[in-house]
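Q: Okay, here's the structure, questions in a sec.
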Amino acid sequence: MALVSDLFEQLWLRAAPLDHPDDEEVVDDRRRILELLMSGTKDETIARQLGLSLRTVRRRVADLMDELGARTRFQAGVEAHRRGLL
C-alpha cells in the first residue's frame, strides 16, 4: 500500500491543473447559442461557427432548454428574451 501511496504522491506533484473556461466565456457561448437558435440555425452550423463538436452543441442546447423550461427551441428563445438573456 505504501508503494501505491508513494507513486500517487510523485505523480500528484507533476500534475497540471485543468484549463476551465472562465464564467464570461461560458456566458458568451450560451448567449451566442441562443442567438443562433433564434435565427433558426441548425446544430451543425452552430458547431462550426463556435468551433465546438456537434455533440457538445446538442448537449448545451438541451441544457439550455431544460434550464429555461422549454420544450421547443422557439419556447427557449421566447423565455430567454423574457428573462433578459438576449
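Going by the C-alpha cells order, chains are called A, B, ..., each with residues numbered from 1, while ligands are numbered from 1 in the order shown.
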Within 12 Å of region 40-53 of chain A, counting only C-alpha atoms, which residues show up once you throw out same-chain ones fewer than 2 positions away? Write them as a list in words, please.

A: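 Within the cut-off, the hits are Glu25, Val26, Asp28, Asp29, Arg30, Arg31, Arg32, Ile33, Leu34, Glu35, Leu36, Leu37, Met38, Arg55, Thr56, Val57, Arg58, Arg59, Arg60, Val61, Ala62, Thr72, Arg73, Phe74 and Gly77 of chain A.
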
Q: Between CA of Ala80 (chain A) and CA of Leu54 (chain A), what is the distance, to one decimal in Å?

A: 21.9 Å

Q: Can you list every residue in chain A that DSSP puts in alpha helix (DSSP H), as a PyMOL selection string?

A: chain A and resi 2-14+23-38+43-50+54-68+73-82

Q: Take the residues that were just selected and, keeping C-alpha atoms, output them as a PDB file, in the first residue's frame.

A:
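And here is the file that came out, out_32.pdb:
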```pdb
ATOM      1  CA  ALA A   2       2.860   2.378   0.777  1.00  0.00           C
ATOM      2  CA  LEU A   3       4.225   1.856  -2.746  1.00  0.00           C
ATOM      3  CA  VAL A   4       0.934   2.932  -4.301  1.00  0.00           C
ATOM      4  CA  SER A   5       0.734   5.911  -1.993  1.00  0.00           C
ATOM      5  CA  ASP A   6       4.275   6.990  -2.860  1.00  0.00           C
ATOM      6  CA  LEU A   7       3.581   6.613  -6.576  1.00  0.00           C
ATOM      7  CA  PHE A   8       0.442   8.718  -6.234  1.00  0.00           C
ATOM      8  CA  GLU A   9       2.328  11.459  -4.379  1.00  0.00           C
ATOM      9  CA  GLN A  10       5.049  11.563  -7.060  1.00  0.00           C
ATOM     10  CA  LEU A  11       2.509  11.805  -9.859  1.00  0.00           C
ATOM     11  CA  TRP A  12       0.465  14.382  -7.975  1.00  0.00           C
ATOM     12  CA  LEU A  13       3.489  16.682  -7.706  1.00  0.00           C
ATOM     13  CA  ARG A  14       3.844  16.625 -11.519  1.00  0.00           C
ATOM     14  CA  ASP A  23     -17.529  32.464 -16.443  1.00  0.00           C
ATOM     15  CA  GLU A  24     -17.634  35.244 -19.022  1.00  0.00           C
ATOM     16  CA  GLU A  25     -16.651  32.849 -21.813  1.00  0.00           C
ATOM     17  CA  VAL A  26     -19.388  30.406 -20.793  1.00  0.00           C
ATOM     18  CA  VAL A  27     -21.989  33.196 -20.713  1.00  0.00           C
ATOM     19  CA  ASP A  28     -20.870  34.403 -24.155  1.00  0.00           C
ATOM     20  CA  ASP A  29     -21.176  30.867 -25.592  1.00  0.00           C
ATOM     21  CA  ARG A  30     -24.645  30.452 -24.105  1.00  0.00           C
ATOM     22  CA  ARG A  31     -25.781  33.808 -25.463  1.00  0.00           C
ATOM     23  CA  ARG A  32     -24.364  33.052 -28.896  1.00  0.00           C
ATOM     24  CA  ILE A  33     -26.056  29.631 -28.968  1.00  0.00           C
ATOM     25  CA  LEU A  34     -29.388  31.238 -28.034  1.00  0.00           C
ATOM     26  CA  GLU A  35     -28.965  33.898 -30.723  1.00  0.00           C
ATOM     27  CA  LEU A  36     -28.199  31.280 -33.350  1.00  0.00           C
ATOM     28  CA  LEU A  37     -31.151  29.151 -32.241  1.00  0.00           C
ATOM     29  CA  MET A  38     -33.457  32.151 -32.516  1.00  0.00           C
ATOM     30  CA  ASP A  43     -26.898  22.491 -34.720  1.00  0.00           C
ATOM     31  CA  GLU A  44     -24.266  21.550 -37.312  1.00  0.00           C
ATOM     32  CA  THR A  45     -23.828  25.195 -38.319  1.00  0.00           C
ATOM     33  CA  ILE A  46     -23.717  26.339 -34.691  1.00  0.00           C
ATOM     34  CA  ALA A  47     -20.988  23.777 -34.003  1.00  0.00           C
ATOM     35  CA  ARG A  48     -18.921  25.011 -36.948  1.00  0.00           C
ATOM     36  CA  GLN A  49     -19.360  28.686 -36.094  1.00  0.00           C
ATOM     37  CA  LEU A  50     -18.423  28.231 -32.440  1.00  0.00           C
ATOM     38  CA  LEU A  54     -21.923  18.673 -32.702  1.00  0.00           C
ATOM     39  CA  ARG A  55     -22.417  16.573 -29.584  1.00  0.00           C
ATOM     40  CA  THR A  56     -21.367  19.479 -27.341  1.00  0.00           C
ATOM     41  CA  VAL A  57     -23.770  21.845 -29.093  1.00  0.00           C
ATOM     42  CA  ARG A  58     -26.649  19.396 -28.766  1.00  0.00           C
ATOM     43  CA  ARG A  59     -25.885  18.887 -25.084  1.00  0.00           C
ATOM     44  CA  ARG A  60     -25.719  22.634 -24.452  1.00  0.00           C
ATOM     45  CA  VAL A  61     -28.961  23.241 -26.349  1.00  0.00           C
ATOM     46  CA  ALA A  62     -30.674  20.516 -24.303  1.00  0.00           C
ATOM     47  CA  ASP A  63     -29.253  22.017 -21.087  1.00  0.00           C
ATOM     48  CA  LEU A  64     -30.461  25.498 -22.043  1.00  0.00           C
ATOM     49  CA  MET A  65     -33.928  24.239 -22.922  1.00  0.00           C
ATOM     50  CA  ASP A  66     -34.120  22.337 -19.653  1.00  0.00           C
ATOM     51  CA  GLU A  67     -32.924  25.338 -17.648  1.00  0.00           C
ATOM     52  CA  LEU A  68     -35.459  27.591 -19.379  1.00  0.00           C
ATOM     53  CA  ARG A  73     -36.291  25.892 -29.456  1.00  0.00           C
ATOM     54  CA  PHE A  74     -38.841  28.613 -30.086  1.00  0.00           C
ATOM     55  CA  GLN A  75     -40.028  28.457 -26.475  1.00  0.00           C
ATOM     56  CA  ALA A  76     -36.396  28.636 -25.339  1.00  0.00           C
ATOM     57  CA  GLY A  77     -35.899  31.816 -27.373  1.00  0.00           C
ATOM     58  CA  VAL A  78     -39.060  33.412 -26.007  1.00  0.00           C
ATOM     59  CA  GLU A  79     -38.142  32.521 -22.427  1.00  0.00           C
ATOM     60  CA  ALA A  80     -34.537  33.688 -22.852  1.00  0.00           C
ATOM     61  CA  HIS A  81     -35.816  37.015 -24.174  1.00  0.00           C
ATOM     62  CA  ARG A  82     -38.338  37.280 -21.311  1.00  0.00           C
TER      63      ARG A  82
END
```
